[in-house]
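Student: Okay, so here is upload.cif, and as you'll see once you scroll down, it has mmCIF, C-alpha atoms.
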```
data_protein
loop_
_atom_site.label_atom_id
_atom_site.label_comp_id
_atom_site.auth_asym_id
_atom_site.auth_seq_id
_atom_site.Cartn_x
_atom_site.Cartn_y
_atom_site.Cartn_z
CA MET A 1 -110.13 -92.44 -219.72
CA VAL A 2 -111.14 -90.15 -216.89
CA GLY A 3 -111.58 -91.89 -213.60
CA MET A 4 -114.63 -90.41 -211.94
CA GLU A 5 -114.03 -89.43 -208.36
CA LEU A 6 -116.38 -91.32 -206.11
CA SER A 7 -118.75 -89.35 -203.96
CA GLY A 8 -117.80 -91.34 -200.92
CA SER A 9 -114.28 -91.32 -199.54
CA SER A 10 -113.88 -95.11 -199.55
CA SER A 11 -113.39 -97.13 -202.70
CA LYS A 12 -116.93 -98.49 -202.47
CA ALA A 13 -119.51 -97.01 -204.81
CA VAL A 14 -122.16 -94.75 -203.30
CA THR A 15 -125.56 -95.06 -204.88
CA ALA A 16 -127.69 -92.12 -205.81
CA ARG A 17 -130.47 -93.59 -203.70
CA ALA A 18 -128.24 -93.53 -200.61
CA LEU A 19 -127.54 -89.84 -201.26
CA GLY A 20 -131.24 -89.07 -201.63
CA LEU A 21 -130.96 -88.61 -205.36
CA VAL A 22 -132.63 -90.21 -208.35
CA VAL A 23 -131.37 -90.31 -211.93
CA CYS A 24 -133.57 -90.06 -215.00
CA ARG A 25 -132.90 -93.20 -217.02
CA ASN A 26 -133.80 -91.46 -220.26
CA CYS A 27 -131.60 -88.35 -220.12
CA THR A 28 -129.44 -89.01 -216.99
CA LYS A 29 -130.39 -85.76 -215.26
CA VAL A 30 -130.05 -86.06 -211.48
CA HIS A 31 -132.93 -85.01 -209.22
CA ARG A 32 -133.55 -84.98 -205.48
CA LEU A 33 -135.49 -88.05 -204.47
CA GLY A 34 -139.20 -87.35 -203.98
CA GLU A 35 -138.97 -83.79 -205.23
CA ALA A 36 -140.55 -84.44 -208.59
CA GLU A 37 -142.59 -87.20 -210.22
CA THR A 38 -141.23 -86.61 -213.68
CA CYS A 39 -137.85 -85.46 -215.02
CA ALA A 40 -137.57 -81.68 -215.34
CA ARG A 41 -135.46 -82.04 -218.46
CA CYS A 42 -137.21 -84.70 -220.54
CA GLY A 43 -140.50 -85.48 -218.79
CA GLN A 44 -139.73 -89.16 -218.18
CA ARG A 45 -141.21 -90.67 -215.01
CA LEU A 46 -138.59 -90.81 -212.25
CA LEU A 47 -138.15 -94.10 -210.44
CA SER A 48 -135.26 -94.76 -208.09
CA ARG A 49 -135.90 -98.48 -208.59
CA ASP A 50 -138.42 -99.83 -211.05
CA THR A 51 -140.19 -102.24 -208.71
CA LYS A 52 -142.52 -103.51 -211.45
CA SER A 53 -139.59 -104.20 -213.76
CA LEU A 54 -139.30 -107.88 -212.81
CA GLN A 55 -142.99 -108.48 -213.50
CA ARG A 56 -142.57 -107.09 -217.00
CA VAL A 57 -139.38 -109.10 -217.51
CA TRP A 58 -141.17 -112.35 -216.64
CA ALA A 59 -144.26 -111.49 -218.69
CA TRP A 60 -142.27 -110.87 -221.87
CA TRP A 61 -140.04 -113.84 -221.06
CA LEU A 62 -143.02 -116.18 -220.84
CA LEU A 63 -144.54 -114.85 -224.08
CA GLY A 64 -141.21 -115.34 -225.81
CA LEU A 65 -140.92 -118.90 -224.52
CA ILE A 66 -144.49 -119.74 -225.57
CA CYS A 67 -143.80 -118.47 -229.10
CA TYR A 68 -140.51 -120.34 -229.27
CA ILE A 69 -142.27 -123.72 -229.05
CA PRO A 70 -144.35 -123.46 -232.29
CA ALA A 71 -141.34 -121.74 -233.87
CA ASN A 72 -139.55 -125.08 -233.60
CA MET A 73 -142.50 -127.37 -234.37
CA TYR A 74 -143.74 -125.77 -237.59
CA PRO A 75 -141.69 -125.57 -240.78
CA MET A 76 -139.58 -122.46 -241.27
CA LEU A 77 -139.21 -122.89 -245.04
CA GLN A 78 -141.19 -124.69 -247.69
CA THR A 79 -139.15 -125.56 -250.79
CA ARG A 80 -141.07 -126.63 -253.88
CA THR A 81 -138.98 -128.14 -256.69
CA LEU A 82 -139.98 -129.98 -259.86
CA LEU A 83 -140.48 -133.28 -258.15
CA LYS A 84 -141.25 -132.66 -254.52
CA VAL A 85 -142.27 -130.24 -251.81
CA GLN A 86 -139.94 -130.15 -248.82
CA GLU A 87 -140.71 -128.51 -245.49
CA ASP A 88 -137.88 -127.79 -243.06
CA THR A 89 -138.03 -126.83 -239.43
CA ILE A 90 -135.18 -124.78 -237.95
CA VAL A 91 -133.26 -127.80 -236.68
CA GLY A 92 -134.27 -129.91 -239.72
CA GLY A 93 -132.90 -127.27 -242.06
CA ALA A 94 -129.59 -127.20 -240.20
CA VAL A 95 -129.35 -131.01 -240.29
CA GLU A 96 -129.99 -130.86 -244.04
CA LEU A 97 -127.12 -128.39 -244.40
CA ILE A 98 -124.81 -130.69 -242.46
CA HIS A 99 -125.71 -133.55 -244.87
CA HIS A 100 -124.74 -131.26 -247.75
CA GLY A 101 -121.44 -130.51 -246.04
CA SER A 102 -122.12 -126.80 -245.26
CA TYR A 103 -120.92 -127.03 -241.68
CA GLY A 104 -120.22 -123.32 -241.28
CA ILE A 105 -123.72 -122.22 -242.28
CA ALA A 106 -125.31 -124.99 -240.24
CA ALA A 107 -123.31 -123.71 -237.26
CA ILE A 108 -124.50 -120.11 -237.81
CA ILE A 109 -128.13 -121.25 -238.05
CA LEU A 110 -127.86 -123.50 -235.00
CA ILE A 111 -126.10 -120.84 -232.94
CA ALA A 112 -128.41 -117.97 -233.97
CA SER A 113 -131.70 -119.88 -233.86
CA VAL A 114 -131.20 -122.51 -231.18
CA ALA A 115 -128.24 -121.77 -228.91
CA ILE A 116 -128.81 -118.00 -228.60
CA PRO A 117 -132.59 -118.15 -227.93
CA ILE A 118 -132.28 -120.93 -225.36
CA GLY A 119 -129.23 -119.26 -223.81
CA LYS A 120 -131.20 -116.03 -223.64
CA PHE A 121 -134.13 -117.60 -221.82
CA ALA A 122 -131.69 -119.11 -219.32
CA ALA A 123 -129.65 -115.90 -218.93
CA VAL A 124 -132.63 -113.59 -218.41
CA ALA A 125 -134.08 -116.03 -215.89
CA LEU A 126 -130.72 -116.26 -214.10
CA VAL A 127 -130.40 -112.48 -213.78
CA ALA A 128 -134.04 -112.00 -212.75
CA ILE A 129 -133.82 -114.73 -210.10
CA SER A 130 -130.41 -113.58 -208.81
CA VAL A 131 -131.69 -110.12 -207.86
CA VAL A 132 -134.35 -111.51 -205.53
CA ARG A 133 -132.55 -114.56 -204.12
CA PRO A 134 -129.09 -114.70 -202.60
CA SER A 135 -126.62 -115.90 -205.19
CA SER A 136 -122.89 -116.23 -205.39
CA LEU A 137 -122.65 -114.25 -208.63
CA SER A 138 -121.11 -110.80 -208.33
CA GLY A 139 -122.78 -107.68 -209.68
CA ALA A 140 -120.17 -107.37 -212.37
CA LYS A 141 -120.83 -110.92 -213.58
CA LEU A 142 -124.61 -110.46 -213.66
CA ARG A 143 -124.25 -107.16 -215.49
CA PHE A 144 -122.00 -108.89 -218.01
CA VAL A 145 -124.62 -111.61 -218.57
CA HIS A 146 -127.34 -109.00 -219.06
CA GLU A 147 -125.18 -106.93 -221.40
CA VAL A 148 -124.42 -109.98 -223.56
CA VAL A 149 -128.15 -110.84 -223.71
CA GLU A 150 -129.01 -107.28 -224.77
CA TYR A 151 -126.27 -107.24 -227.39
CA VAL A 152 -126.56 -110.73 -228.81
CA GLY A 153 -130.34 -111.20 -228.63
CA ARG A 154 -131.04 -109.11 -231.71
CA TRP A 155 -128.88 -111.41 -233.82
CA SER A 156 -131.48 -114.16 -233.62
CA MET A 157 -133.45 -112.20 -236.21
CA ILE A 158 -130.94 -113.42 -238.77
CA ASP A 159 -132.98 -116.54 -239.45
CA ILE A 160 -136.04 -114.44 -240.30
CA PHE A 161 -133.96 -112.39 -242.72
CA VAL A 162 -132.58 -115.55 -244.33
CA VAL A 163 -136.15 -116.81 -244.84
CA ALA A 164 -137.14 -113.42 -246.31
CA ILE A 165 -134.20 -113.37 -248.72
CA LEU A 166 -134.60 -117.00 -249.81
CA SER A 167 -138.34 -116.84 -250.33
CA SER A 168 -138.15 -113.65 -252.37
CA LEU A 169 -135.04 -114.63 -254.34
CA VAL A 170 -135.75 -118.29 -255.10
CA GLN A 171 -138.86 -117.83 -257.26
CA LEU A 172 -137.84 -119.67 -260.45
CA ASN A 173 -141.26 -120.51 -261.88
CA SER A 174 -141.67 -124.27 -262.03
CA LEU A 175 -138.01 -125.04 -261.31
CA ALA A 176 -137.90 -124.11 -257.65
CA ALA A 177 -139.82 -121.85 -255.30
CA VAL A 178 -139.32 -121.14 -251.62
CA GLN A 179 -142.13 -119.97 -249.31
CA PRO A 180 -141.91 -118.91 -245.67
CA GLY A 181 -143.40 -121.39 -243.22
CA GLN A 182 -145.63 -120.74 -240.20
CA ALA A 183 -142.67 -120.97 -237.84
CA SER A 184 -141.21 -117.69 -239.14
CA LEU A 185 -143.99 -115.60 -237.59
CA PHE A 186 -143.66 -117.33 -234.20
CA PHE A 187 -139.89 -117.13 -234.30
CA ALA A 188 -139.91 -113.39 -235.03
CA LEU A 189 -142.40 -112.84 -232.21
CA SER A 190 -140.22 -114.87 -229.86
CA VAL A 191 -137.14 -112.76 -230.69
CA VAL A 192 -139.05 -109.49 -230.24
CA PHE A 193 -140.58 -110.60 -226.92
CA THR A 194 -137.24 -111.71 -225.47
CA MET A 195 -135.64 -108.41 -226.55
CA LEU A 196 -138.44 -106.58 -224.73
CA SER A 197 -137.90 -108.85 -221.73
CA ALA A 198 -134.20 -107.95 -221.50
CA GLN A 199 -134.96 -104.25 -222.00
CA ALA A 200 -137.60 -104.25 -219.26
CA PHE A 201 -135.05 -105.21 -216.62
CA ASP A 202 -133.92 -102.43 -214.28
CA THR A 203 -130.17 -103.14 -214.11
CA ARG A 204 -129.82 -101.10 -210.90
CA LEU A 205 -131.51 -103.96 -209.03
CA ILE A 206 -128.41 -106.11 -209.65
CA TRP A 207 -126.24 -104.17 -207.21
CA ASP A 208 -128.80 -103.55 -204.47
CA THR A 209 -128.50 -106.99 -202.93
CA ARG A 210 -124.72 -107.27 -203.28
CA LEU A 211 -123.15 -104.05 -202.09
CA GLN A 212 -120.18 -105.84 -200.53
CA ASP A 213 -118.60 -107.56 -203.49
CA ASP A 214 -119.39 -105.28 -206.37
CA THR A 215 -116.20 -103.41 -207.09
CA ALA A 216 -114.63 -106.31 -209.01
CA MET B 217 -134.97 -82.53 -189.53
CA ASN B 218 -131.44 -83.87 -189.40
CA ALA B 219 -132.07 -86.64 -191.88
CA ALA B 220 -132.74 -84.15 -194.65
CA ALA B 221 -129.40 -82.44 -194.15
CA PRO B 222 -127.33 -84.51 -196.59
CA GLN B 223 -129.99 -84.02 -199.23
CA THR B 224 -129.88 -80.24 -199.09
CA GLU B 225 -126.08 -80.11 -199.12
CA ILE B 226 -125.76 -81.91 -202.44
CA ASN B 227 -126.40 -79.97 -205.61
CA PRO B 228 -127.82 -82.54 -208.07
CA ASP B 229 -126.30 -80.63 -210.98
CA GLU B 230 -122.79 -81.37 -209.70
CA ILE B 231 -123.41 -85.10 -209.48
CA ILE B 232 -123.43 -87.64 -212.27
CA VAL B 233 -125.20 -90.93 -211.70
CA CYS B 234 -124.64 -94.07 -213.73
CA PRO B 235 -128.05 -94.98 -215.22
CA THR B 236 -127.06 -98.64 -215.31
CA CYS B 237 -126.00 -99.23 -211.71
CA ASP B 238 -126.99 -96.04 -209.81
CA ALA B 239 -123.45 -95.27 -208.63
CA ALA B 240 -123.03 -91.53 -207.95
CA TYR B 241 -119.91 -89.50 -208.76
CA HIS B 242 -118.86 -85.86 -208.62
CA LEU B 243 -119.27 -84.58 -212.14
CA GLN B 244 -115.98 -84.09 -213.96
CA ARG B 245 -116.30 -83.32 -217.64
CA PRO B 246 -113.69 -85.26 -219.61
CA SER B 247 -111.82 -83.38 -222.31
CA PHE B 248 -112.24 -84.34 -225.97
CA ASP B 249 -111.40 -87.93 -226.88
CA GLU B 250 -111.38 -88.96 -223.23
CA ARG B 251 -114.12 -91.14 -221.78
CA ALA B 252 -115.77 -90.96 -218.39
CA VAL B 253 -116.61 -94.48 -217.33
CA CYS B 254 -118.54 -95.78 -214.33
CA GLU B 255 -116.03 -97.50 -212.07
CA ARG B 256 -118.52 -100.04 -210.84
CA CYS B 257 -120.18 -101.32 -214.03
CA HIS B 258 -117.93 -99.78 -216.71
CA THR B 259 -120.82 -98.10 -218.53
CA ALA B 260 -119.53 -95.18 -220.62
CA LEU B 261 -121.05 -92.06 -219.07
CA ILE B 262 -119.57 -89.21 -221.12
CA THR B 263 -117.73 -89.77 -224.40
CA PRO B 264 -117.17 -86.37 -226.04
CA ARG B 265 -115.53 -86.10 -229.45
CA ARG B 266 -114.25 -83.03 -231.22
CA LYS B 267 -116.64 -82.00 -234.03
CA ALA B 268 -118.79 -85.07 -233.31
CA GLY B 269 -122.00 -83.19 -234.14
CA MET B 270 -120.89 -82.22 -237.62
CA GLN B 271 -119.52 -85.69 -238.33
CA ILE B 272 -122.75 -87.35 -237.20
CA ILE B 273 -124.81 -85.02 -239.41
CA ALA B 274 -122.61 -85.88 -242.39
CA LEU B 275 -122.90 -89.60 -241.65
CA ALA B 276 -126.67 -89.34 -241.17
CA LEU B 277 -127.00 -87.63 -244.56
CA SER B 278 -125.07 -90.47 -246.17
CA VAL B 279 -127.37 -92.97 -244.42
CA LEU B 280 -130.38 -91.22 -245.98
CA ILE B 281 -128.83 -91.34 -249.45
CA LEU B 282 -127.74 -94.97 -249.07
CA VAL B 283 -131.14 -96.13 -247.81
CA VAL B 284 -133.00 -94.46 -250.70
CA ALA B 285 -130.50 -95.82 -253.21
CA ALA B 286 -130.51 -99.30 -251.70
CA VAL B 287 -134.29 -99.39 -252.02
CA CYS B 288 -134.30 -98.20 -255.64
CA PHE B 289 -131.49 -100.25 -257.18
CA PRO B 290 -131.58 -104.02 -257.78
CA PHE B 291 -130.40 -105.97 -254.76
CA LEU B 292 -129.74 -109.58 -255.76
CA SER B 293 -130.44 -111.71 -258.79
CA ILE B 294 -130.46 -115.44 -259.29
CA ARG B 295 -130.08 -117.58 -262.37
CA ALA B 296 -130.53 -121.33 -262.70
CA ALA B 297 -131.23 -123.47 -265.77
CA GLY B 298 -132.38 -120.51 -267.85
CA ALA B 299 -134.78 -119.10 -265.25
CA THR B 300 -133.85 -115.78 -263.66
CA ASN B 301 -135.23 -113.65 -260.86
CA SER B 302 -134.11 -110.26 -259.62
CA ILE B 303 -135.23 -108.68 -256.35
CA SER B 304 -135.00 -105.36 -254.54
CA VAL B 305 -134.68 -104.83 -250.79
CA LEU B 306 -138.39 -104.00 -250.59
CA GLU B 307 -139.34 -107.28 -252.27
CA THR B 308 -137.20 -109.12 -249.73
CA ALA B 309 -139.25 -107.78 -246.84
CA LEU B 310 -142.47 -108.31 -248.75
CA ALA B 311 -141.70 -112.03 -249.06
CA PHE B 312 -143.83 -112.30 -245.93
CA ARG B 313 -146.93 -110.77 -247.46
CA GLY B 314 -150.04 -112.85 -247.46
CA GLU B 315 -152.78 -113.40 -244.94
CA ALA B 316 -150.80 -115.05 -242.15
CA TYR B 317 -147.54 -113.15 -242.42
CA GLY B 318 -148.69 -109.65 -243.43
CA PRO B 319 -147.52 -107.96 -240.20
CA LEU B 320 -144.15 -109.71 -240.42
CA ALA B 321 -143.47 -108.04 -243.79
CA TRP B 322 -143.87 -104.63 -242.15
CA VAL B 323 -141.74 -105.62 -239.16
CA VAL B 324 -138.90 -106.81 -241.40
CA LEU B 325 -139.18 -103.70 -243.57
CA GLY B 326 -139.08 -101.60 -240.40
CA PHE B 327 -136.00 -103.32 -238.98
CA ILE B 328 -133.89 -103.12 -242.13
CA VAL B 329 -135.04 -99.94 -243.91
CA VAL B 330 -137.48 -97.71 -242.02
CA ILE B 331 -135.83 -97.62 -238.59
CA PRO B 332 -132.28 -96.88 -239.88
CA PHE B 333 -133.81 -94.15 -242.06
CA VAL B 334 -135.90 -92.66 -239.25
CA ARG B 335 -132.92 -92.68 -236.86
CA ALA B 336 -130.84 -90.76 -239.41
CA VAL B 337 -133.64 -88.18 -239.79
CA LEU B 338 -133.97 -87.86 -236.01
CA SER B 339 -130.24 -87.36 -235.48
CA ILE B 340 -130.17 -84.60 -238.13
CA TYR B 341 -133.24 -82.98 -236.57
CA VAL B 342 -131.65 -82.95 -233.11
CA LEU B 343 -128.07 -82.07 -234.02
CA VAL B 344 -128.37 -79.43 -236.77
CA PRO B 345 -129.52 -76.65 -234.40
CA LEU B 346 -126.88 -77.64 -231.84
CA VAL B 347 -124.03 -77.61 -234.34
CA PHE B 348 -125.08 -74.38 -236.04
CA GLU B 349 -125.85 -72.70 -232.69
CA ARG B 350 -129.49 -72.05 -233.41
CA PRO B 351 -132.48 -72.47 -231.10
CA VAL B 352 -133.36 -76.14 -230.65
CA TYR B 353 -136.20 -77.38 -232.87
CA ARG B 354 -139.57 -78.20 -231.34
CA GLY B 355 -139.77 -81.72 -230.00
CA ALA B 356 -136.00 -82.22 -230.16
CA LYS B 357 -135.97 -83.92 -226.74
CA GLU B 358 -138.68 -86.33 -227.81
CA ALA B 359 -136.79 -86.96 -231.06
CA PHE B 360 -133.57 -87.73 -229.19
CA LYS B 361 -135.39 -90.08 -226.84
CA TRP B 362 -136.68 -92.05 -229.83
CA LEU B 363 -133.25 -92.02 -231.48
CA ASP B 364 -132.04 -93.90 -228.41
CA ARG B 365 -135.08 -96.17 -228.04
CA LEU B 366 -134.98 -97.32 -231.65
CA HIS B 367 -131.30 -98.21 -231.48
CA PRO B 368 -131.69 -101.96 -230.71
CA TRP B 369 -134.36 -102.28 -233.43
CA SER B 370 -132.11 -101.05 -236.23
CA MET B 371 -130.93 -104.32 -237.75
CA ALA B 372 -129.27 -103.51 -241.07
CA GLU B 373 -126.05 -105.27 -240.04
CA ILE B 374 -127.91 -108.45 -239.14
CA PHE B 375 -129.67 -108.36 -242.50
CA VAL B 376 -126.33 -108.23 -244.32
CA LEU B 377 -125.07 -111.30 -242.47
CA GLY B 378 -128.43 -112.92 -243.29
CA CYS B 379 -127.68 -112.29 -246.98
CA ALA B 380 -124.37 -114.09 -246.63
CA VAL B 381 -126.06 -117.10 -245.03
CA ALA B 382 -128.84 -117.20 -247.64
CA LEU B 383 -126.36 -116.94 -250.50
CA VAL B 384 -124.25 -119.82 -249.27
CA LYS B 385 -127.43 -121.89 -248.96
CA VAL B 386 -128.28 -121.50 -252.65
CA ALA B 387 -124.78 -121.01 -254.06
CA ASP B 388 -124.37 -124.57 -255.32
CA LEU B 389 -127.87 -124.69 -256.85
CA ALA B 390 -127.87 -121.42 -258.74
CA GLU B 391 -125.75 -118.50 -259.88
CA ILE B 392 -126.10 -115.37 -257.75
CA ARG B 393 -125.34 -111.81 -258.82
CA PHE B 394 -124.99 -108.87 -256.45
CA GLY B 395 -126.79 -105.70 -257.52
CA ALA B 396 -125.68 -102.15 -256.74
CA ALA B 397 -128.07 -102.05 -253.79
CA PHE B 398 -126.22 -104.89 -252.10
CA TRP B 399 -122.98 -102.90 -251.90
CA MET B 400 -124.87 -99.79 -250.82
CA PHE B 401 -126.40 -101.79 -248.02
CA CYS B 402 -122.96 -102.95 -246.89
CA GLY B 403 -121.80 -99.32 -246.90
CA LEU B 404 -124.91 -98.36 -244.94
CA VAL B 405 -124.05 -100.83 -242.21
CA VAL B 406 -120.56 -99.38 -241.76
CA VAL B 407 -121.84 -95.78 -241.70
CA VAL B 408 -124.57 -96.58 -239.14
CA LEU B 409 -122.10 -98.33 -236.82
CA VAL B 410 -119.61 -95.44 -237.02
CA GLN B 411 -122.37 -92.89 -236.46
CA ASP B 412 -123.60 -94.61 -233.32
CA SER B 413 -120.08 -94.84 -231.90
CA PHE B 414 -119.63 -91.06 -232.28
CA LEU B 415 -122.75 -90.10 -230.37
CA CYS B 416 -122.36 -88.97 -226.75
CA ARG B 417 -125.78 -89.00 -225.13
CA TRP B 418 -124.73 -86.99 -222.10
CA SER B 419 -123.29 -84.17 -224.21
CA VAL B 420 -126.39 -83.99 -226.42
CA TRP B 421 -128.78 -83.84 -223.46
CA ASN B 422 -126.58 -81.21 -221.87
CA SER B 423 -126.55 -79.10 -225.05
CA LEU B 424 -130.30 -79.45 -225.52
CA VAL B 425 -130.76 -77.62 -222.23
CA HIS B 426 -127.74 -75.30 -222.27
CA PRO B 427 -127.38 -74.52 -225.97
CA ARG B 428 -124.09 -72.64 -226.19
CA LYS B 429 -121.30 -74.85 -227.27
CA GLN B 430 -121.15 -78.59 -227.60
#
```
Starting from the coordinates I provided, produce the structure as structure tokens.

Tutor:
Amino acid sequence: MVGMELSGSSSKAVTARALGLVVCRNCTKVHRLGEAETCARCGQRLLSRDTKSLQRVWAWWLLGLICYIPANMYPMLQTRTLLKVQEDTIVGGAVELIHHGSYGIAAIILIASVAIPIGKFAAVALVAISVVRPSSLSGAKLRFVHEVVEYVGRWSMIDIFVVAILSSLVQLNSLAAVQPGQASLFFALSVVFTMLSAQAFDTRLIWDTRLQDDTA
Amino acid sequence: MNAAAPQTEINPDEIIVCPTCDAAYHLQRPSFDERAVCERCHTALITPRRKAGMQIIALALSVLILVVAAVCFPFLSIRAAGATNSISVLETALAFRGEAYGPLAWVVLGFIVVIPFVRAVLSIYVLVPLVFERPVYRGAKEAFKWLDRLHPWSMAEIFVLGCAVALVKVADLAEIRFGAAFWMFCGLVVVVLVQDSFLCRWSVWNSLVHPRKQ
């Protein structure tokens, strides 16, 4: 690992904005602030801080939350067997698995489809609120929260893939047939919207309000 | 005009700025197999690897072959009480066809097949001229931008774990057989993950503008 020498002489980080510079977030080329509107190397618009980023974060966040409600109300899977038709919501399906004794799978479903989405809504809101209001969380902690959200959020799609595999595989004529339920569409939309919400956030905002305690 | 003085002293080309937290550092290029990391937020800034370009091209070619093969060969089959059903990866995504879910079928197909395939094509398109020291292809910068943008939407590894969950769900009701495509898909996941870990964005952008050596 190469330790980068800091531009300033102290151990505190010096921001590009303080030096009158701006970095292209697409290709990381450094420009003088105000010298160009777009990056000379890749053509991306140059913004020292994306001031509209929080608006986009909240807009996608709200859309994701709205879609998450029907995703839990409607059935995710419809199972038709010889005698009956059974419709399971996300939580209902997990409870069913627990009754059958498949605790591990029930845990995966509950974590991926309930704990992670709800945790994501809370985490994105926490980060977005912390950059405009004073909070006791350090920059490193907030960055960690945001990084986890970006990394883990995609894994919620697993439930959609399970529905896709089950409803294509379990097509045994009259014996048993599985169909996707309405919730799958809303759930997929919710995952996509929350991923877009996390991506819309300009992480540089995290450190602007907490320049004192950010080296941890 | 004193305030402008610090701006004119600094040469932006000798500075590297962390895109995640905006911390600025004097640019020091790490040698091969070293990593330059932002001291404030620990984002990896430069991660050069010896022969990375050639290795990524080779891995991308294997991704292309594995995706095509995984689509063609049988993926999973099920048997219960005399009834059988065999599916391919494409049929899995198309489980969502129908009036209400039509778009979802395309989204799932995109996440598990199309996007990994497109990213492999893009990485070959960008890296081949750099590795073989030829002029960069037209639109290479745009291609590299999309290679990066599509990264979070490439979900082959999540799909494989989804298979495991689905199989456990039906394991006690029916007999499941893995087709050749299943194992190819598992291989695909490993190759994609290795390929992404080899890529150094900073080095590629640098070579796209100064095409001499990587």

Student: List the residues matched by the PyMOL selection byres ((chain B and resi 253) around 12) in the displayed structure as a ChimeraX atom specification, ordered by chain and then by residue number.

Tutor: /A:1-6 /B:232-237,239-241,243-246,250-252,254-264

Student: Could you tell me which residues the PyMOL selection byres ((chain B and resi 403-417) around 6) returns for this structure, as a PDB file with C-alpha atoms, keeping the file's coordinate frame?

Tutor:
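As a result, out.pdb now contains:
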```
ATOM      1  CA  THR B 263    -117.730 -89.770-224.400  1.00  0.00           C
ATOM      2  CA  PRO B 264    -117.170 -86.370-226.040  1.00  0.00           C
ATOM      3  CA  ILE B 272    -122.750 -87.350-237.200  1.00  0.00           C
ATOM      4  CA  VAL B 279    -127.370 -92.970-244.420  1.00  0.00           C
ATOM      5  CA  ALA B 372    -129.270-103.510-241.070  1.00  0.00           C
ATOM      6  CA  GLU B 373    -126.050-105.270-240.040  1.00  0.00           C
ATOM      7  CA  MET B 400    -124.870 -99.790-250.820  1.00  0.00           C
ATOM      8  CA  PHE B 401    -126.400-101.790-248.020  1.00  0.00           C
ATOM      9  CA  CYS B 402    -122.960-102.950-246.890  1.00  0.00           C
ATOM     10  CA  TRP B 418    -124.730 -86.990-222.100  1.00  0.00           C
ATOM     11  CA  SER B 419    -123.290 -84.170-224.210  1.00  0.00           C
ATOM     12  CA  VAL B 420    -126.390 -83.990-226.420  1.00  0.00           C
TER      13      VAL B 420
END
```

Student: Once the PyMOL selection byres ((chain A and resi 60) around 8) is applied to the coordinates I shared, what remains selected? I want it as number ranges by chain.

Tutor: A: 56-59, 61-64, 193-194, 196-197

Student: Do a neighbour search on Trp399 in chain B at 12 Å with only C-alpha atoms, toss out local chain neighbours closer than 3 positions, and write the hits as a VMD selection string.

Tutor: chain B and resid 282 to 283 285 to 287 289 to 292 305 376 379 393 to 396 402 to 406

Student: Using only C-alpha atoms, can you tell me which of B:Ser304, B:Gln271, B:Ser339, B:Ser278 comes closest to chain A?

Tutor: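 Ranked by minimum distance to chain A, first place goes to B:Ser304.
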
Student: Within 8 Å of range 154-171 of chain A, counting all atoms listed in the file, which residues show up once you throw out same-chain ones fewer than 5 positions away? Write them as a VMD selection string, please.

Tutor: (chain A and resid 76 to 77 109 112 to 113 116 to 117 176 to 180 184 187 to 188 191 195) or (chain B and resid 292 to 294 301 to 303 307 to 312 324 368 to 369 371 374 to 375 377 to 379 381 to 382)

Student: Find, counting only C-alpha atoms, the residue in A:Gly92, A:Gly181, A:Gly104, A:Pro70 that gets nearest to Ala380 in chain B.

Tutor: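 Of the candidates, the smallest distance to Ala380 in chain B is held by A:Gly104.
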
Student: How many Å lie between CA of Thr15 in chain A and CA of Glu35 in chain A, rounded to one decimal?

Tutor: 17.5 Å

Student: Please determine, counting all atoms listed in the file, which residue among B:Ala296, B:Val330, B:Leu277, B:Leu338 has the shortest atom-to-atom distance to chain A.

Tutor: B:Ala296

Student: Give me the residues within 7 Å of Tyr68 in chain A as a list in words, counting all atoms listed in the file and dropping any in the same chain fewer than 3 places off.

Tutor: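 So, after excluding close chain neighbours, the residues are Gly64, Leu65, Ala71, Asn72, Phe186, Phe187 and Ser190 of chain A.
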
Student: What lies within 9 Å of Arg32 in chain A using all atoms listed in the file, ignoring chain neighbours under 5 positions off, as an mmCIF file with C-alpha atoms, in the frame of the given file?

Tutor:
```cif
data_model
loop_
_atom_site.group_PDB
_atom_site.id
_atom_site.type_symbol
_atom_site.label_atom_id
_atom_site.label_comp_id
_atom_site.auth_asym_id
_atom_site.auth_seq_id
_atom_site.Cartn_x
_atom_site.Cartn_y
_atom_site.Cartn_z
ATOM 1 C CA LEU A 19 -127.540 -89.840 -201.260
ATOM 2 C CA GLY A 20 -131.240 -89.070 -201.630
ATOM 3 C CA LEU A 21 -130.960 -88.610 -205.360
ATOM 4 C CA VAL A 22 -132.630 -90.210 -208.350
ATOM 5 C CA VAL A 23 -131.370 -90.310 -211.930
ATOM 6 C CA GLN B 223 -129.990 -84.020 -199.230
ATOM 7 C CA THR B 224 -129.880 -80.240 -199.090
ATOM 8 C CA ILE B 226 -125.760 -81.910 -202.440
ATOM 9 C CA ASN B 227 -126.400 -79.970 -205.610
ATOM 10 C CA PRO B 228 -127.820 -82.540 -208.070
#
```

Student: Distance CA of Leu389 in chain B-CA of Pro75 in chain A, one decimal place?

Tutor: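 Computing the Euclidean distance for CA of Leu389 in chain B and CA of Pro75 in chain A yields 21.2 Å.
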
Student: How many Å lie between CA of Glu150 in chain A and CA of Leu110 in chain A, rounded to one decimal?

Tutor: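 These atoms are spaced 19.2 Å apart.
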
Student: Kindly indicate which residue among A:Thr209, A:Gln78, A:Gln199, A:Gln44 lies nearest to His146 in chain A, using all atoms listed in the file for the distances.

Tutor: A:Gln199

Student: Find the residues around Glu147 in chain A up to 10 Å (all atoms listed in the file counted), leave out those fewer than 6 positions away in its own chain, and share them as a ChimeraX atom specification.

Tutor: /A:141,153,198,203
